[in-house]
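J.: File protein-v2.cif follows (mmCIF, C-alpha atoms and all ligand atoms):
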```cif
data_work
loop_
_atom_site.label_atom_id
_atom_site.label_comp_id
_atom_site.auth_asym_id
_atom_site.auth_seq_id
_atom_site.Cartn_x
_atom_site.Cartn_y
_atom_site.Cartn_z
CA MET A 1 19.51 -11.23 -23.37
CA GLN A 2 19.75 -8.95 -20.33
CA PRO A 3 17.43 -9.94 -17.46
CA ILE A 4 14.57 -7.61 -16.55
CA ARG A 5 15.60 -5.93 -13.26
CA ILE A 6 12.78 -5.92 -10.74
CA GLY A 7 12.21 -3.72 -7.69
CA VAL A 8 9.61 -4.81 -5.11
CA ILE A 9 7.80 -2.31 -2.86
CA GLY A 10 6.55 -4.01 0.34
CA VAL A 11 8.76 -7.08 0.73
CA ASP A 12 7.04 -9.18 3.40
CA ASN A 13 4.05 -11.54 3.03
CA ARG A 14 2.81 -11.06 -0.54
CA GLY A 15 5.93 -9.10 -1.47
CA ALA A 16 8.21 -11.87 -0.15
CA TYR A 17 6.53 -14.26 -2.61
CA TYR A 18 7.36 -11.91 -5.50
CA VAL A 19 10.97 -11.44 -4.36
CA ARG A 20 11.52 -15.21 -4.24
CA GLU A 21 9.63 -16.01 -7.42
CA PHE A 22 11.20 -13.32 -9.64
CA HIS A 23 14.69 -13.78 -8.19
CA GLU A 24 14.81 -17.57 -8.18
CA ASN A 25 12.21 -19.02 -10.53
CA VAL A 26 11.17 -16.68 -13.34
CA PRO A 27 13.51 -16.98 -16.33
CA GLY A 28 14.83 -13.65 -17.58
CA ALA A 29 14.17 -11.76 -14.33
CA VAL A 30 16.31 -10.72 -11.39
CA VAL A 31 15.39 -8.74 -8.27
CA THR A 32 17.70 -5.75 -7.83
CA ALA A 33 15.86 -3.64 -5.25
CA GLY A 34 13.42 -3.84 -2.36
CA MET A 35 11.65 -1.18 -0.33
CA ASP A 36 9.85 -1.51 2.99
CA ILE A 37 9.05 0.64 5.98
CA ARG A 38 10.27 -2.07 8.37
CA GLU A 39 13.99 -2.82 8.78
CA GLU A 40 13.37 -6.46 9.76
CA HIS A 41 11.61 -7.05 6.43
CA LEU A 42 14.48 -5.42 4.55
CA ALA A 43 16.90 -7.71 6.39
CA ARG A 44 15.01 -10.79 5.14
CA PHE A 45 14.88 -9.22 1.67
CA ARG A 46 18.70 -8.92 1.66
CA ASP A 47 19.00 -12.60 2.63
CA CYS A 48 17.02 -13.55 -0.47
CA ALA A 49 18.10 -10.97 -3.06
CA GLY A 50 21.73 -10.73 -1.97
CA PRO A 51 23.95 -7.94 -0.63
CA ASP A 52 24.21 -6.12 -3.97
CA ALA A 53 20.49 -5.44 -4.17
CA LEU A 54 19.30 -1.98 -3.09
CA ALA A 55 17.36 -2.22 0.19
CA THR A 56 15.71 1.08 1.03
CA SER A 57 12.95 2.64 3.10
CA ASP A 58 12.30 5.27 0.39
CA TYR A 59 10.08 4.01 -2.43
CA ARG A 60 11.09 6.93 -4.66
CA GLU A 61 14.74 5.86 -4.44
CA LEU A 62 13.74 2.39 -5.65
CA VAL A 63 11.48 3.69 -8.42
CA ASN A 64 14.13 6.03 -9.81
CA HIS A 65 17.05 3.66 -9.39
CA PRO A 66 18.92 3.07 -12.69
CA ASP A 67 19.14 -0.69 -11.97
CA VAL A 68 15.35 -1.07 -11.84
CA ASP A 69 13.40 -1.67 -15.09
CA ALA A 70 10.11 -2.81 -13.59
CA VAL A 71 8.41 -2.50 -10.20
CA VAL A 72 6.06 -4.76 -8.28
CA VAL A 73 3.94 -2.87 -5.73
CA ALA A 74 2.88 -5.21 -2.91
CA SER A 75 2.33 -2.71 -0.11
CA PRO A 76 -1.02 -2.35 1.69
CA ASP A 77 -3.91 -1.14 -0.48
CA SER A 78 -3.99 2.51 0.59
CA PHE A 79 -0.46 3.04 -0.85
CA HIS A 80 -1.13 1.51 -4.28
CA GLU A 81 -2.24 4.71 -5.96
CA GLU A 82 0.64 6.93 -4.81
CA GLN A 83 3.34 4.33 -5.37
CA GLY A 84 1.86 3.08 -8.66
CA LEU A 85 1.70 6.66 -10.00
CA ALA A 86 5.38 7.18 -9.11
CA VAL A 87 6.32 4.04 -11.08
CA LEU A 88 4.34 5.09 -14.16
CA GLU A 89 5.65 8.65 -13.97
CA ALA A 90 9.20 7.26 -13.93
CA GLY A 91 8.35 5.40 -17.18
CA LYS A 92 8.85 1.94 -15.63
CA HIS A 93 6.80 -1.23 -16.00
CA LEU A 94 4.34 -1.86 -13.18
CA LEU A 95 2.79 -4.95 -11.62
CA LEU A 96 0.40 -3.49 -9.04
CA GLU A 97 -1.26 -5.67 -6.45
CA LYS A 98 -5.04 -5.79 -6.22
CA PRO A 99 -7.10 -3.83 -5.54
CA MET A 100 -5.76 -1.28 -8.02
CA ALA A 101 -6.61 1.55 -5.57
CA ILE A 102 -9.12 2.06 -2.77
CA THR A 103 -11.18 4.59 -4.76
CA VAL A 104 -12.44 4.67 -8.35
CA GLU A 105 -10.93 8.13 -8.75
CA GLY A 106 -7.56 6.69 -7.73
CA CYS A 107 -7.88 4.01 -10.41
CA ASP A 108 -8.74 6.63 -13.01
CA ARG A 109 -5.65 8.66 -12.09
CA LEU A 110 -3.54 5.51 -12.60
CA LEU A 111 -5.21 4.82 -15.97
CA ALA A 112 -4.58 8.42 -17.07
CA ALA A 113 -0.90 8.23 -16.03
CA HIS A 114 -0.49 4.93 -17.90
CA LYS A 115 -1.85 6.53 -21.10
CA GLN A 116 1.17 8.87 -21.05
CA THR A 117 3.63 5.95 -21.18
CA ASP A 118 4.28 2.87 -23.31
CA THR A 119 5.03 0.66 -20.33
CA VAL A 120 3.39 -2.59 -19.25
CA PHE A 121 0.86 -2.08 -16.45
CA GLY A 122 -0.68 -5.25 -15.01
CA LEU A 123 -2.66 -6.02 -11.88
CA GLY A 124 -2.15 -8.80 -9.33
CA LEU A 125 -5.46 -10.43 -10.30
CA CYS A 126 -3.76 -13.82 -10.31
CA MET A 127 -6.99 -15.86 -10.40
CA ARG A 128 -7.26 -15.11 -14.14
CA TYR A 129 -4.23 -17.36 -14.60
CA MET A 130 -5.54 -20.24 -12.49
CA PRO A 131 -5.97 -23.36 -14.66
CA MET A 132 -9.44 -23.78 -13.10
CA PHE A 133 -10.71 -20.44 -14.40
CA GLN A 134 -8.78 -20.76 -17.67
CA THR A 135 -10.63 -24.05 -18.22
CA MET A 136 -13.99 -22.42 -17.49
CA LYS A 137 -13.17 -19.56 -19.85
CA LYS A 138 -12.35 -21.99 -22.69
CA ILE A 139 -15.56 -23.97 -22.17
CA ILE A 140 -17.64 -20.78 -22.23
CA GLU A 141 -15.88 -19.66 -25.40
CA SER A 142 -16.55 -23.06 -27.01
CA GLY A 143 -20.27 -22.31 -26.84
CA ASP A 144 -21.08 -25.50 -24.90
CA ILE A 145 -23.22 -23.63 -22.35
CA GLY A 146 -24.72 -21.27 -24.96
CA ASP A 147 -25.14 -17.57 -24.21
CA VAL A 148 -24.32 -16.74 -20.59
CA LYS A 149 -27.37 -15.36 -18.83
CA ALA A 150 -26.78 -15.94 -15.11
CA TYR A 151 -23.77 -16.09 -12.78
CA TRP A 152 -23.76 -16.96 -9.08
CA CYS A 153 -20.69 -16.85 -6.90
CA ASN A 154 -20.45 -17.89 -3.24
CA HIS A 155 -17.29 -16.99 -1.41
CA TYR A 156 -16.69 -18.74 1.92
CA VAL A 157 -13.86 -16.86 3.65
CA GLY A 158 -13.09 -19.36 6.40
CA LYS A 159 -9.86 -17.61 7.35
CA GLY A 160 -11.63 -14.27 7.59
CA GLY A 161 -10.40 -13.58 11.08
CA HIS A 162 -6.90 -14.75 10.42
CA PHE A 163 -6.23 -12.65 7.32
CA TYR A 164 -8.64 -9.72 7.48
CA PHE A 165 -9.52 -8.59 11.00
CA HIS A 166 -6.24 -8.21 12.89
CA ASP A 167 -4.77 -5.27 10.93
CA TRP A 168 -5.45 -2.54 8.33
CA HIS A 169 -7.78 -4.75 6.24
CA ALA A 170 -10.60 -4.26 8.79
CA VAL A 171 -10.67 -0.46 8.65
CA ARG A 172 -12.58 1.50 5.97
CA GLU A 173 -10.03 4.28 5.90
CA THR A 174 -7.27 1.89 4.76
CA SER A 175 -9.25 -0.66 2.75
CA THR A 176 -12.69 0.85 1.92
CA GLY A 177 -14.16 -2.60 2.61
CA LEU A 178 -13.74 -6.30 2.05
CA LEU A 179 -15.76 -6.50 -1.16
CA LEU A 180 -12.92 -4.45 -2.55
CA GLN A 181 -10.07 -6.03 -0.60
CA LYS A 182 -11.14 -9.66 -1.02
CA GLY A 183 -14.06 -9.57 -3.44
CA THR A 184 -12.12 -7.80 -6.16
CA HIS A 185 -10.70 -11.20 -7.23
CA ASP A 186 -14.10 -12.84 -7.70
CA LEU A 187 -15.77 -9.77 -9.16
CA ASP A 188 -12.92 -9.74 -11.66
CA ILE A 189 -13.39 -13.42 -12.49
CA MET A 190 -17.09 -12.75 -13.07
CA HIS A 191 -16.11 -9.98 -15.51
CA PHE A 192 -13.39 -12.15 -17.10
CA LEU A 193 -15.50 -15.27 -17.70
CA THR A 194 -18.48 -13.38 -19.11
CA GLY A 195 -16.49 -10.70 -20.95
CA CYS A 196 -18.95 -8.20 -19.45
CA PHE A 197 -18.52 -5.60 -16.71
CA ALA A 198 -21.08 -4.85 -13.97
CA GLU A 199 -23.39 -2.01 -14.97
CA ARG A 200 -25.62 -1.68 -11.92
CA LEU A 201 -25.92 -3.34 -8.56
CA ALA A 202 -27.46 -3.30 -5.11
CA ALA A 203 -26.08 -4.87 -1.96
CA PHE A 204 -26.83 -5.62 1.66
CA GLY A 205 -24.23 -6.25 4.30
CA SER A 206 -23.36 -5.84 7.94
CA ARG A 207 -20.79 -6.65 10.59
CA ASP A 208 -22.27 -9.70 12.25
CA TYR A 209 -19.35 -11.35 13.98
CA PHE A 210 -16.13 -9.29 14.06
CA GLY A 211 -15.64 -5.88 15.66
CA GLY A 212 -17.00 -4.92 19.07
CA ASP A 213 -15.99 -2.99 22.14
CA LYS A 214 -12.47 -4.24 22.85
CA PRO A 215 -9.78 -1.55 23.04
CA ASN A 216 -8.09 -0.56 19.78
CA ASP A 217 -4.64 -1.19 21.22
CA LEU A 218 -5.36 -4.70 22.52
CA HIS A 219 -3.07 -7.35 20.99
CA CYS A 220 -3.91 -11.07 21.10
CA PRO A 221 -0.78 -12.15 23.03
CA ASP A 222 -1.65 -9.65 25.82
CA CYS A 223 -5.35 -10.50 26.00
CA PRO A 224 -6.75 -12.17 29.14
CA ASP A 225 -9.11 -14.19 26.89
CA LYS A 226 -6.41 -15.48 24.55
CA GLU A 227 -6.80 -19.13 25.59
CA THR A 228 -10.52 -19.21 24.81
CA CYS A 229 -10.95 -16.62 22.03
CA PRO A 230 -11.66 -18.41 18.72
CA GLU A 231 -9.90 -15.63 16.77
CA ALA A 232 -6.76 -15.27 18.90
CA GLN A 233 -3.78 -14.67 16.63
CA LEU A 234 -1.02 -16.32 18.63
CA GLY A 235 2.36 -17.61 17.59
CA ASP A 236 5.10 -16.01 15.61
CA TRP A 237 3.24 -12.97 14.25
CA PRO A 238 4.54 -9.39 14.10
CA ASP A 239 2.56 -7.17 16.49
CA TYR A 240 0.95 -5.12 13.68
CA PHE A 241 -0.81 -8.37 12.69
CA THR A 242 -2.18 -9.32 16.12
CA LEU A 243 -4.68 -6.56 16.92
CA CYS A 244 -7.90 -7.84 18.50
CA ALA A 245 -10.48 -8.84 15.86
CA PHE A 246 -13.21 -7.58 18.22
CA ARG A 247 -11.75 -4.09 18.71
CA ARG A 248 -13.78 -0.88 18.32
CA GLN A 249 -11.78 0.25 15.28
CA VAL A 250 -13.15 -2.56 13.07
CA ASP A 251 -15.71 -0.86 10.83
CA VAL A 252 -15.90 -2.99 7.66
CA GLU A 253 -18.72 -5.46 7.00
CA ASP A 254 -18.08 -9.22 7.33
CA ASN A 255 -21.23 -10.53 5.64
CA HIS A 256 -22.30 -9.34 2.17
CA VAL A 257 -24.92 -10.17 -0.46
CA LEU A 258 -24.72 -8.42 -3.79
CA ILE A 259 -26.93 -8.56 -6.90
CA MET A 260 -25.75 -7.18 -10.22
CA GLU A 261 -26.69 -6.69 -13.82
CA LEU A 262 -23.69 -7.06 -16.08
CA GLU A 263 -23.40 -5.74 -19.63
CA GLU A 264 -25.59 -7.77 -22.07
CA GLY A 265 -28.17 -8.15 -19.30
CA ILE A 266 -26.45 -11.00 -17.43
CA LYS A 267 -27.96 -11.41 -13.96
CA ALA A 268 -25.34 -12.07 -11.29
CA ALA A 269 -25.14 -12.60 -7.55
CA TYR A 270 -22.12 -12.57 -5.26
CA GLN A 271 -22.03 -13.59 -1.59
CA GLU A 272 -19.00 -13.10 0.64
CA CYS A 273 -19.01 -14.15 4.30
CA HIS A 274 -15.93 -13.92 6.54
CA PHE A 275 -16.95 -16.29 9.33
CA THR A 276 -17.66 -19.51 7.47
CA PRO A 277 -15.97 -22.68 8.79
CA ASP A 278 -14.55 -23.48 5.36
CA TYR A 279 -12.49 -21.58 2.81
CA HIS A 280 -13.36 -21.80 -0.88
CA ARG A 281 -15.32 -20.18 -3.69
CA ASP A 282 -18.01 -21.56 -5.99
CA HIS A 283 -18.42 -20.00 -9.42
CA ILE A 284 -21.58 -21.12 -11.23
CA VAL A 285 -22.19 -19.89 -14.76
CA ILE A 286 -25.51 -20.61 -16.47
CA GLY A 287 -26.07 -20.26 -20.19
CA THR A 288 -28.92 -21.01 -22.55
CA LYS A 289 -27.59 -24.54 -23.15
CA GLY A 290 -26.07 -25.53 -19.82
CA ARG A 291 -24.28 -24.82 -16.58
CA LEU A 292 -20.63 -24.72 -15.61
CA GLN A 293 -19.49 -25.05 -12.02
CA ASN A 294 -16.15 -25.34 -10.24
CA ASP A 295 -15.36 -27.42 -7.15
CA GLN A 296 -12.20 -26.46 -5.31
CA ALA A 297 -12.40 -29.49 -2.98
CA THR A 298 -12.01 -31.92 -5.88
CA ASP A 299 -10.20 -29.56 -8.30
CA THR A 300 -12.84 -30.12 -10.93
CA VAL A 301 -15.03 -28.15 -13.29
CA SER A 302 -18.37 -29.73 -14.22
CA LEU A 303 -20.27 -29.04 -17.40
CA THR A 304 -23.95 -30.00 -17.31
CA THR A 305 -26.01 -29.41 -20.42
CA ARG A 306 -29.79 -29.23 -20.82
CA ARG A 307 -29.80 -32.14 -23.28
CA GLY A 308 -26.97 -34.00 -21.56
CA SER A 309 -25.10 -34.21 -24.84
CA ALA A 310 -21.89 -32.50 -23.73
CA ASP A 311 -21.82 -33.32 -20.01
CA ALA A 312 -18.28 -33.63 -18.71
CA VAL A 313 -16.08 -33.31 -15.63
CA TYR A 314 -12.71 -31.64 -16.15
CA HIS A 315 -9.92 -32.48 -13.69
CA ILE A 316 -7.71 -29.47 -13.15
CA LYS A 317 -3.97 -29.82 -12.80
CA ALA A 318 -2.28 -26.86 -11.15
CA GLU A 319 1.37 -26.56 -10.29
CA GLY A 320 1.97 -25.67 -6.64
CA ASP A 321 -0.54 -24.10 -4.31
CA ALA A 322 0.20 -20.44 -5.04
CA HIS A 323 -3.37 -19.38 -5.81
CA GLY A 324 -4.18 -22.60 -7.62
CA GLY A 325 -1.12 -22.26 -9.82
CA GLY A 326 -2.02 -18.70 -10.86
CA ASP A 327 0.81 -16.76 -9.22
CA PRO A 328 3.81 -18.22 -11.12
CA LEU A 329 1.98 -17.90 -14.44
CA MET A 330 1.19 -14.26 -13.68
CA CYS A 331 4.84 -13.48 -12.85
CA ARG A 332 5.94 -15.09 -16.12
CA ASP A 333 3.32 -13.14 -18.06
CA PHE A 334 4.68 -9.86 -16.62
CA ILE A 335 8.15 -10.60 -17.98
CA ALA A 336 6.83 -11.91 -21.33
CA ALA A 337 4.58 -8.84 -21.72
CA ILE A 338 7.57 -6.53 -21.16
CA ARG A 339 9.69 -8.44 -23.70
CA GLU A 340 6.93 -8.64 -26.28
CA GLY A 341 5.58 -5.09 -25.74
CA ARG A 342 2.01 -6.27 -25.14
CA PRO A 343 -0.50 -5.93 -22.28
CA MET A 344 -0.81 -8.53 -19.52
CA LEU A 345 -3.92 -10.67 -19.14
CA THR A 346 -4.67 -8.60 -16.02
CA ASP A 347 -5.00 -5.25 -17.73
CA PRO A 348 -5.64 -2.01 -15.84
CA LEU A 349 -9.18 -1.51 -17.19
CA ALA A 350 -10.13 -4.85 -15.63
CA GLY A 351 -8.46 -3.75 -12.39
CA ARG A 352 -10.43 -0.52 -12.39
CA MET A 353 -13.76 -2.18 -13.13
CA SER A 354 -13.47 -4.70 -10.29
CA VAL A 355 -12.67 -1.82 -7.92
CA ALA A 356 -15.65 0.12 -9.32
CA ALA A 357 -17.95 -2.84 -8.58
CA GLY A 358 -16.56 -3.27 -5.05
CA VAL A 359 -16.78 0.43 -4.23
CA ALA A 360 -20.34 0.62 -5.62
CA ALA A 361 -21.35 -2.39 -3.53
CA HIS A 362 -20.06 -0.78 -0.34
CA GLU A 363 -21.81 2.46 -1.27
CA SER A 364 -25.05 0.54 -1.74
CA ILE A 365 -24.67 -1.33 1.57
CA ARG A 366 -23.97 1.92 3.41
CA ASN A 367 -27.00 3.61 1.81
CA GLY A 368 -29.74 1.10 2.58
CA GLY A 369 -29.28 -1.14 -0.47
CA LYS A 370 -29.64 1.69 -3.00
CA ILE A 371 -29.11 0.75 -6.69
CA ILE A 372 -25.76 2.11 -7.91
CA HIS A 373 -24.87 2.53 -11.58
CA ILE A 374 -21.30 1.86 -12.70
CA SER A 375 -19.69 3.56 -15.68
CA ARG A 376 -16.58 2.74 -17.60
CA PRO A 377 -13.75 5.26 -17.05
CA PRO A 378 -13.77 8.59 -18.90
CA VAL A 379 -11.68 8.15 -22.09
N1 LIG A 401 -3.16 -11.20 -5.49
C1 LIG A 401 -3.38 -11.84 -4.36
O1 LIG A 401 -3.96 -12.90 -4.35
C2 LIG A 401 -2.92 -11.24 -3.07
C3 LIG A 401 -2.66 -12.04 -1.94
C4 LIG A 401 -2.22 -11.41 -0.78
C5 LIG A 401 -2.07 -10.04 -0.75
N2 LIG A 401 -2.33 -9.31 -1.86
C6 LIG A 401 -2.18 -7.85 -1.86
O2 LIG A 401 -0.83 -7.55 -1.57
C7 LIG A 401 -0.76 -6.35 -0.81
C8 LIG A 401 0.05 -6.62 0.45
O3 LIG A 401 -0.65 -7.55 1.24
P1 LIG A 401 0.05 -8.20 2.51
O4 LIG A 401 -0.92 -9.14 3.08
O5 LIG A 401 1.39 -8.67 2.11
O6 LIG A 401 0.15 -6.91 3.46
P2 LIG A 401 1.08 -6.57 4.72
O7 LIG A 401 0.33 -5.66 5.60
O8 LIG A 401 1.64 -7.83 5.30
O9 LIG A 401 2.26 -5.68 4.10
C9 LIG A 401 3.10 -6.09 3.11
C10 LIG A 401 4.42 -5.36 3.26
O10 LIG A 401 4.28 -3.96 3.00
C11 LIG A 401 5.04 -3.24 3.98
N3 LIG A 401 4.52 -1.88 4.07
C12 LIG A 401 3.64 -1.36 4.95
N4 LIG A 401 3.43 -0.06 4.65
C13 LIG A 401 4.19 0.22 3.56
C14 LIG A 401 4.41 1.39 2.78
N5 LIG A 401 3.83 2.56 3.07
N6 LIG A 401 5.24 1.31 1.72
C15 LIG A 401 5.87 0.13 1.42
N7 LIG A 401 5.72 -0.98 2.14
C16 LIG A 401 4.89 -0.94 3.19
C17 LIG A 401 4.91 -4.09 5.22
O11 LIG A 401 5.95 -3.79 6.16
C18 LIG A 401 5.04 -5.48 4.65
O12 LIG A 401 6.39 -5.83 4.49
C19 LIG A 401 -2.20 -5.92 -0.54
O13 LIG A 401 -2.56 -4.91 -1.42
C20 LIG A 401 -3.01 -7.17 -0.80
O14 LIG A 401 -4.31 -6.90 -1.31
C21 LIG A 401 -2.74 -9.89 -2.99
#
```
Step by step, read the file and then write its structure as structure tokens.
T.:
Amino acid sequence: MQPIRIGVIGVDNRGAYYVREFHENVPGAVVTAGMDIREEHLARFRDCAGPDALATSDYRELVNHPDVDAVVVASPDSFHEEQGLAVLEAGKHLLLEKPMAITVEGCDRLLAAHKQTDTVFGLGLCMRYMPMFQTMKKIIESGDIGDVKAYWCNHYVGKGGHFYFHDWHAVRETSTGLLLQKGTHDLDIMHFLTGCFAERLAAFGSRDYFGGDKPNDLHCPDCPDKETCPEAQLGDWPDYFTLCAFRRQVDVEDNHVLIMELEEGIKAAYQECHFTPDYHRDHIVIGTKGRLQNDQATDTVSLTTRRGSADAVYHIKAEGDAHGGGDPLMCRDFIAAIREGRPMLTDPLAGRMSVAAGVAAHESIRNGGKIIHISRPPV
């Protein structure tokens, strides 16, 4: 059987993971092309994918290349819509990183373009594949906690400064906001575990720690305060990833509280704070018969029932640390979905609905906590 030939757009950081994984570890796949705007990233791509692979700075050349069957888009969020549309319009399979786009309208344009093709279109919502959330999904489906009525999620983003405030992530124009950029994963898991999308929500949020009055062109290695600043990004980082986390340009919130009503009347709450000392997420699902809760520190899921009859602690075994074992399973599902002509677990409707919830939450925050209603896409 011929391998599926993969092109990767954006080949550093997240993209470098995909290049390595598809080229070296996923059976039935080979990486034949990479695109990036930076020559040094293309040079590293060539080292991994070999001299015969196309290495280009033109994403259209990659998308239309005859040796590319499927494309992974791992560029920054504001390019997902344009590059994803080009892939779908070329009739190629698409694995598009989250968030699907930075606007709901962008997501709907991608959904409409996908309807014109018979290609596989999946999202990089890798947490769906994590054994921890797969275990929780199975327990919910077994009926052990009864009908789900409440869902609380706390997201402690302890590396908030490190990952989110030194580059494009911290600017509304290029990310919309961090409930979309970061929260899209957890909002998606809330949809996935309950089988229900958010229908209305209200949110409060502000910028309580990052941002400030430092110059927009100040880089950590050049800063007079670099020895004492708790957020200094020093070491072997490219300069586009070392902008001051307290610069004027930072205009996204770093502290968010969101309440939601999901379909079937499920009451849900989501908290995301980017200056916690620790880095993990708690998902707590409450049904009419019991409660289910994960613990990332001990890699466990606990089931507690009202009558105590089905109480249990599940120990989760995940391979590797790539998103709790989710990333390799997602890459394999992309190839299997292409071969079997079926959708991925991370389907585009799910991608669109987590963006819709994130966008609505930012709209609410920026309009005094107004209640925002969320609709499914026009058919
Ligand atoms: N699923 C996950 O858990 C997960 C984890 C990390 C990142 N991501 C997503 O992956 C994407 C990339 O994130 P990152 O942290 O690697 O970002 P990044 O800023 O490090 O950029 C990734 C690569 O894209 C390149 N690039 C920049 N502009 C480009 C353009 N116009 N066209 C093509 N390439 C371009 C950069 O040079 C770099 O090589 C984001 O959308 C992010 O949300 C997802």
J.: Please return as a PyMOL selection string the residues found within 7 Å of ligand LIG 401 (chain A), counting all atoms listed in the file.
T.: chain A and resi 9-15+35-38+41+59+74-77+79+97-99+124-126+181+323
J.: So which one's closest to A:Trp237, A:Lys149, A:His162, A:His283, A:Arg172? Using all atoms listed in the file, please.
T.: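 Residue with the minimum atom-to-atom distance to A:Trp237: A:His162.
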J.: What lies within 7 Å of A:Gln296 using all atoms listed in the file, ignoring chain neighbours under 3 positions off, as a PDB file with C-alpha atoms, in the frame of the given file?
T.:
```
ATOM      1  CA  HIS A 280     -13.360 -21.800  -0.880  1.00  0.00           C
ATOM      2  CA  ASP A 299     -10.200 -29.560  -8.300  1.00  0.00           C
ATOM      3  CA  THR A 300     -12.840 -30.120 -10.930  1.00  0.00           C
TER       4      THR A 300
END
```
J.: Interatomic distance between atom CA of A:Thr103 and atom CA of A:Asp208?
T.: 24.8 Å
J.: List the spatial neighbours of A:Gly160 as a ChimeraX atom specification - criterion: any atom at most 10 Å away, all atoms listed in the file, same-chain residues fewer than 4 positions off excluded.
T.: /A:156,164-166,178,182,210,231,245,254,273-279
J.: If we count only C-alpha atoms and set the cut-off at 12 Å, which residues sit around A:Asp52, ignoring sequence neighbours fewer than 2 positions away in its own chain? Please answer as a PDB file with C-alpha atoms, in the coordinates of the input.
T.:
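Result saved to result_1.pdb:
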```
ATOM      1  CA  VAL A  30      16.310 -10.720 -11.390  1.00  0.00           C
ATOM      2  CA  VAL A  31      15.390  -8.740  -8.270  1.00  0.00           C
ATOM      3  CA  THR A  32      17.700  -5.750  -7.830  1.00  0.00           C
ATOM      4  CA  ALA A  33      15.860  -3.640  -5.250  1.00  0.00           C
ATOM      5  CA  GLY A  34      13.420  -3.840  -2.360  1.00  0.00           C
ATOM      6  CA  PHE A  45      14.880  -9.220   1.670  1.00  0.00           C
ATOM      7  CA  ARG A  46      18.700  -8.920   1.660  1.00  0.00           C
ATOM      8  CA  ASP A  47      19.000 -12.600   2.630  1.00  0.00           C
ATOM      9  CA  CYS A  48      17.020 -13.550  -0.470  1.00  0.00           C
ATOM     10  CA  ALA A  49      18.100 -10.970  -3.060  1.00  0.00           C
ATOM     11  CA  GLY A  50      21.730 -10.730  -1.970  1.00  0.00           C
ATOM     12  CA  LEU A  54      19.300  -1.980  -3.090  1.00  0.00           C
ATOM     13  CA  ALA A  55      17.360  -2.220   0.190  1.00  0.00           C
ATOM     14  CA  ASP A  67      19.140  -0.690 -11.970  1.00  0.00           C
TER      15      ASP A  67
END
```
J.: What does the distance from atom CA of A:Thr346 to atom CA of A:Thr184 come to in Å, to one decimal?
T.: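 For atom CA of A:Thr346 relative to atom CA of A:Thr184, the distance reads 12.4 Å.
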J.: With a distance cut-off of 6 Å and all atoms listed in the file, select the neighbouring residues of A:Val71, excluding the residue or stretch itself and same-chain residues fewer than 5 positions from it, and output the selection as a compact mmCIF listing (two decimals) with C-alpha atoms, in the frame of the given file.
T.:
```
# COMPACT_ATOMS: atom_id res chain seq x y z
CA ILE A 6 12.78 -5.92 -10.74
CA GLY A 7 12.21 -3.72 -7.69
CA VAL A 8 9.61 -4.81 -5.11
CA LEU A 94 4.34 -1.86 -13.18
```
J.: Please indicate the distance in Å from atom CA of A:Pro131 to atom CA of A:His155, rounded to one decimal place.
T.: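 So the two atoms, atom CA of A:Pro131 and atom CA of A:His155, lie 18.6 Å apart.
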J.: Which residues are close to A:Leu201, i.e. within 6 Å by only C-alpha atoms, leaving aside same-chain residues fewer than 2 positions away? Reply as an MDAnalysis selection string.
T.: chainID A and resid 259:260 371:372
J.: Hey, which of A:Ala232, A:Ile139, A:Val148, A:Leu179 ends up closest to A:Asn255? Count only C-alpha atoms.
T.: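 The shortest atom-to-atom distance to A:Asn255 comes from A:Leu179.
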J.: For A:Leu303, which residue out of A:Gly369, A:Gly143, A:Pro27, A:Gly84 is the nearest one, using all atoms listed in the file?
T.: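 Selected residue with least distance to A:Leu303: A:Gly143.
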J.: Taking into account only C-alpha atoms, which residue in the set A:Ile365, A:Pro348, A:Lys370, A:Ile338 is nearest to A:Leu110?
T.: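 Of A:Ile365, A:Pro348, A:Lys370, A:Ile338, the one nearest A:Leu110, counting only C-alpha atoms, is A:Pro348.
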J.: Which polymer residues, whether protein, DNA or RNA, lie within 12 Å of the coordinate (-5.8, -18.0, -18.0) when you count all atoms listed in the file? List them as an mmCIF file with C-alpha atoms, in the coordinates of the input, using the chain letters and numbers from the file.
T.:
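The file below, point-v1.cif, is the result:
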```cif
data_model
loop_
_atom_site.group_PDB
_atom_site.id
_atom_site.type_symbol
_atom_site.label_atom_id
_atom_site.label_comp_id
_atom_site.auth_asym_id
_atom_site.auth_seq_id
_atom_site.Cartn_x
_atom_site.Cartn_y
_atom_site.Cartn_z
ATOM 1 C CA LEU A 125 -5.460 -10.430 -10.300
ATOM 2 C CA CYS A 126 -3.760 -13.820 -10.310
ATOM 3 C CA MET A 127 -6.990 -15.860 -10.400
ATOM 4 C CA ARG A 128 -7.260 -15.110 -14.140
ATOM 5 C CA TYR A 129 -4.230 -17.360 -14.600
ATOM 6 C CA MET A 130 -5.540 -20.240 -12.490
ATOM 7 C CA PRO A 131 -5.970 -23.360 -14.660
ATOM 8 C CA MET A 132 -9.440 -23.780 -13.100
ATOM 9 C CA PHE A 133 -10.710 -20.440 -14.400
ATOM 10 C CA GLN A 134 -8.780 -20.760 -17.670
ATOM 11 C CA THR A 135 -10.630 -24.050 -18.220
ATOM 12 C CA MET A 136 -13.990 -22.420 -17.490
ATOM 13 C CA LYS A 137 -13.170 -19.560 -19.850
ATOM 14 C CA LYS A 138 -12.350 -21.990 -22.690
ATOM 15 C CA ILE A 189 -13.390 -13.420 -12.490
ATOM 16 C CA PHE A 192 -13.390 -12.150 -17.100
ATOM 17 C CA LEU A 193 -15.500 -15.270 -17.700
ATOM 18 C CA ALA A 318 -2.280 -26.860 -11.150
ATOM 19 C CA GLY A 324 -4.180 -22.600 -7.620
ATOM 20 C CA GLY A 325 -1.120 -22.260 -9.820
ATOM 21 C CA GLY A 326 -2.020 -18.700 -10.860
ATOM 22 C CA ASP A 327 0.810 -16.760 -9.220
ATOM 23 C CA PRO A 328 3.810 -18.220 -11.120
ATOM 24 C CA LEU A 329 1.980 -17.900 -14.440
ATOM 25 C CA MET A 330 1.190 -14.260 -13.680
ATOM 26 C CA ASP A 333 3.320 -13.140 -18.060
ATOM 27 C CA MET A 344 -0.810 -8.530 -19.520
ATOM 28 C CA LEU A 345 -3.920 -10.670 -19.140
ATOM 29 C CA THR A 346 -4.670 -8.600 -16.020
#
```
